[in-house]
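Chemist: Sharing a structure here in structure tokens format.
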Amino acid sequence: MKSRILFPLLSALLWAGCFPNYSGIPAYQPALATTPELGAAQPEAPAPIYRIQTGDKIQITSQYHDELAGEATVGPDGQISVPGVGQFQAVGLTTDELEADIMRRASITYRSPSLSVRVKEFTNYRAYVGGEVKKPGYVTVRPGMTSLRAILEAGGTAYSARLDSVLHIAWNPQGGYSAQRIDLRRVLETGDTSQDLALGPNDVVYVPATWITNADLWVRQWLIDLIPIREPTTRLTDF
């Protein structure tokens, strides 16, 4: 008797499991973890863009017009001279930007000018790295030199360095400067190089100390050195 009841019930259960769910509600499936694989290749950060500096030697090649080709040194005024075309402001531009300026003016006189501009020789400039670094001093500014790379060339940071508030002072051709606070800790932790600024001639990178270090320095300067503080004692004084 029991077998007559169980057999139809078991058959119904097996029959229901052989077909998809037609109720319109998809069956629940657990979400799969999306953790990236260890050792997976990460996209490389783009290299800092080099901008032409005073004293750089520029080489210009032309496919069809030899009179446009030649070499020119960027003068103290930031300009170069291109034969048959004139003077061009070069300091602060990339080679692609300078190339576009020369071709734009050359196209007025020459038919379909084809030019290529590159920096043949880079001027040996220096930048200063100071603050909480192991070897404060000057570093040579080479193509691709950034604030973080300059700090590494200065021996790296001291234990008391505060990398999230590094000061980058950049000079412009007009003699002025701009100061910007950059977060190099974020660069190291995330790989985002947007904060790692490229260095120019005579730039200054200053790594400040942490708040605790500054507090200790303040105590030494304004309390210990100026006020005769006595060492603490646990002795009880008789009244």
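Residue numbering restarts at 1 in every chain; chains get A, B, ... in the order shown in the structure tokens, and ligands count up from 1 in that same order.
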Going by DSSP on the backbone, which residues of region 72-204 of chain A come out as strand (DSSP E or B)? List them as a ChimeraX atom specification.

Modeler: /A:72-73,79-82,86-89,115-121,125-131,133,137-141,146,157,161,166-171,177-182,198,204

Chemist: Return the single residue from A:Gln195, A:Pro83, A:Arg104, A:Arg142 that is closest to Ile60 (chain A), with distances computed using only C-alpha atoms.

Modeler: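 Comparing A:Gln195, A:Pro83, A:Arg104, A:Arg142 against Ile60 (chain A), the winner is A:Pro83.
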
Chemist: So that I can see what lies close to region 124-136 of chain A, please list as an MDAnalysis selection string the residues with an atom at most 7 Å from it, counting only C-alpha atoms and leaving out residues fewer than 4 positions away in the same chain.

Modeler: chainID A and resid 140:141 150:151 154:158 160:161 201:209

Chemist: Atoms to include: N, CA and C atoms. Write the selected residues as a JSON list (two decimals), in the first residue's frame.

Modeler:
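Now in again_17.json:
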```
[["chain", "number", "residue", "atom", "x", "y", "z"],
["A", 140, "THR", "N", 70.08, 65.35, -10.92],
["A", 140, "THR", "CA", 70.06, 65.72, -12.33],
["A", 140, "THR", "C", 68.68, 65.46, -12.92],
["A", 141, "VAL", "N", 68.16, 66.47, -13.62],
["A", 141, "VAL", "CA", 66.85, 66.34, -14.25],
["A", 141, "VAL", "C", 67.03, 65.73, -15.63],
["A", 150, "ALA", "N", 63.02, 61.49, -8.07],
["A", 150, "ALA", "CA", 64.02, 62.38, -7.48],
["A", 150, "ALA", "C", 64.24, 62.06, -6.01],
["A", 151, "ILE", "N", 63.16, 61.75, -5.29],
["A", 151, "ILE", "CA", 63.28, 61.39, -3.88],
["A", 151, "ILE", "C", 64.08, 60.09, -3.73],
["A", 154, "ALA", "N", 67.62, 60.72, -4.02],
["A", 154, "ALA", "CA", 68.13, 61.38, -2.81],
["A", 154, "ALA", "C", 68.21, 60.42, -1.64],
["A", 155, "GLY", "N", 68.22, 59.13, -1.92],
["A", 155, "GLY", "CA", 68.37, 58.13, -0.87],
["A", 155, "GLY", "C", 67.08, 57.62, -0.30],
["A", 156, "GLY", "N", 65.95, 58.09, -0.78],
["A", 156, "GLY", "CA", 64.67, 57.68, -0.21],
["A", 156, "GLY", "C", 64.30, 58.56, 0.96],
["A", 157, "THR", "N", 63.16, 58.27, 1.54],
["A", 157, "THR", "CA", 62.64, 59.10, 2.62],
["A", 157, "THR", "C", 63.13, 58.61, 3.97],
["A", 158, "ALA", "N", 63.17, 59.52, 4.92],
["A", 158, "ALA", "CA", 63.46, 59.17, 6.30],
["A", 158, "ALA", "C", 62.21, 58.59, 6.95],
["A", 160, "SER", "N", 60.57, 59.66, 9.34],
["A", 160, "SER", "CA", 59.64, 60.70, 9.77],
["A", 160, "SER", "C", 58.97, 61.42, 8.60],
["A", 161, "ALA", "N", 59.14, 60.93, 7.36],
["A", 161, "ALA", "CA", 58.61, 61.62, 6.19],
["A", 161, "ALA", "C", 57.10, 61.48, 6.09],
["A", 201, "PRO", "N", 63.80, 72.25, -14.72],
["A", 201, "PRO", "CA", 65.02, 72.84, -14.19],
["A", 201, "PRO", "C", 64.76, 73.68, -12.94],
["A", 202, "ASN", "N", 65.61, 73.49, -11.93],
["A", 202, "ASN", "CA", 65.57, 74.26, -10.69],
["A", 202, "ASN", "C", 64.30, 74.05, -9.86],
["A", 203, "ASP", "N", 63.53, 73.02, -10.18],
["A", 203, "ASP", "CA", 62.37, 72.71, -9.34],
["A", 203, "ASP", "C", 62.83, 72.26, -7.96],
["A", 204, "VAL", "N", 61.92, 72.36, -7.01],
["A", 204, "VAL", "CA", 62.22, 71.96, -5.64],
["A", 204, "VAL", "C", 61.17, 70.95, -5.19],
["A", 205, "VAL", "N", 61.64, 69.85, -4.62],
["A", 205, "VAL", "CA", 60.77, 68.85, -4.03],
["A", 205, "VAL", "C", 61.09, 68.81, -2.54],
["A", 206, "TYR", "N", 60.09, 69.15, -1.73],
["A", 206, "TYR", "CA", 60.30, 69.20, -0.27],
["A", 206, "TYR", "C", 59.39, 68.19, 0.41],
["A", 207, "VAL", "N", 60.00, 67.28, 1.16],
["A", 207, "VAL", "CA", 59.25, 66.25, 1.88],
["A", 207, "VAL", "C", 59.12, 66.69, 3.33],
["A", 208, "PRO", "N", 57.92, 67.01, 3.80],
["A", 208, "PRO", "CA", 57.75, 67.47, 5.19],
["A", 208, "PRO", "C", 57.81, 66.32, 6.16],
["A", 209, "ALA", "N", 57.87, 66.67, 7.44],
["A", 209, "ALA", "CA", 57.90, 65.67, 8.49],
["A", 209, "ALA", "C", 56.47, 65.36, 8.94]]
```

Chemist: Pick the closest to Leu68 (chain A) from A:Gly200, A:Gly55, A:Gly92, A:Pro113: which is it, counting only C-alpha atoms?

Modeler: A:Pro113

Chemist: Please indicate the distance in Å from CA of Arg185 (chain A) to CA of Trp171 (chain A), rounded to one decimal place.

Modeler: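 Interatomic distance here is 23.9 Å.
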
Chemist: With distances taken over only C-alpha atoms, which of A:Arg186, A:Arg181, A:Arg51, A:His65 is nearest to Ser116 (chain A)?

Modeler: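 Smallest distance to Ser116 (chain A) is found for A:His65.
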
Chemist: Between A:Asp77, A:Glu121, A:Asp96, A:Asp101, which is the closest to Lys57 (chain A) once you count only C-alpha atoms?

Modeler: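 Answer, going by the shortest atom-to-atom distance: A:Glu121.
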
Chemist: Tell me, as a list in words, which residues lie within 9 Å of Met103 (chain A), counting only C-alpha atoms; anything in the same chain fewer than 5 positions away does not count.

Modeler: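 Non-adjacent residues within range: Leu98, Ile108, Ser112, Pro113, Ser114 and Leu115 of chain A.
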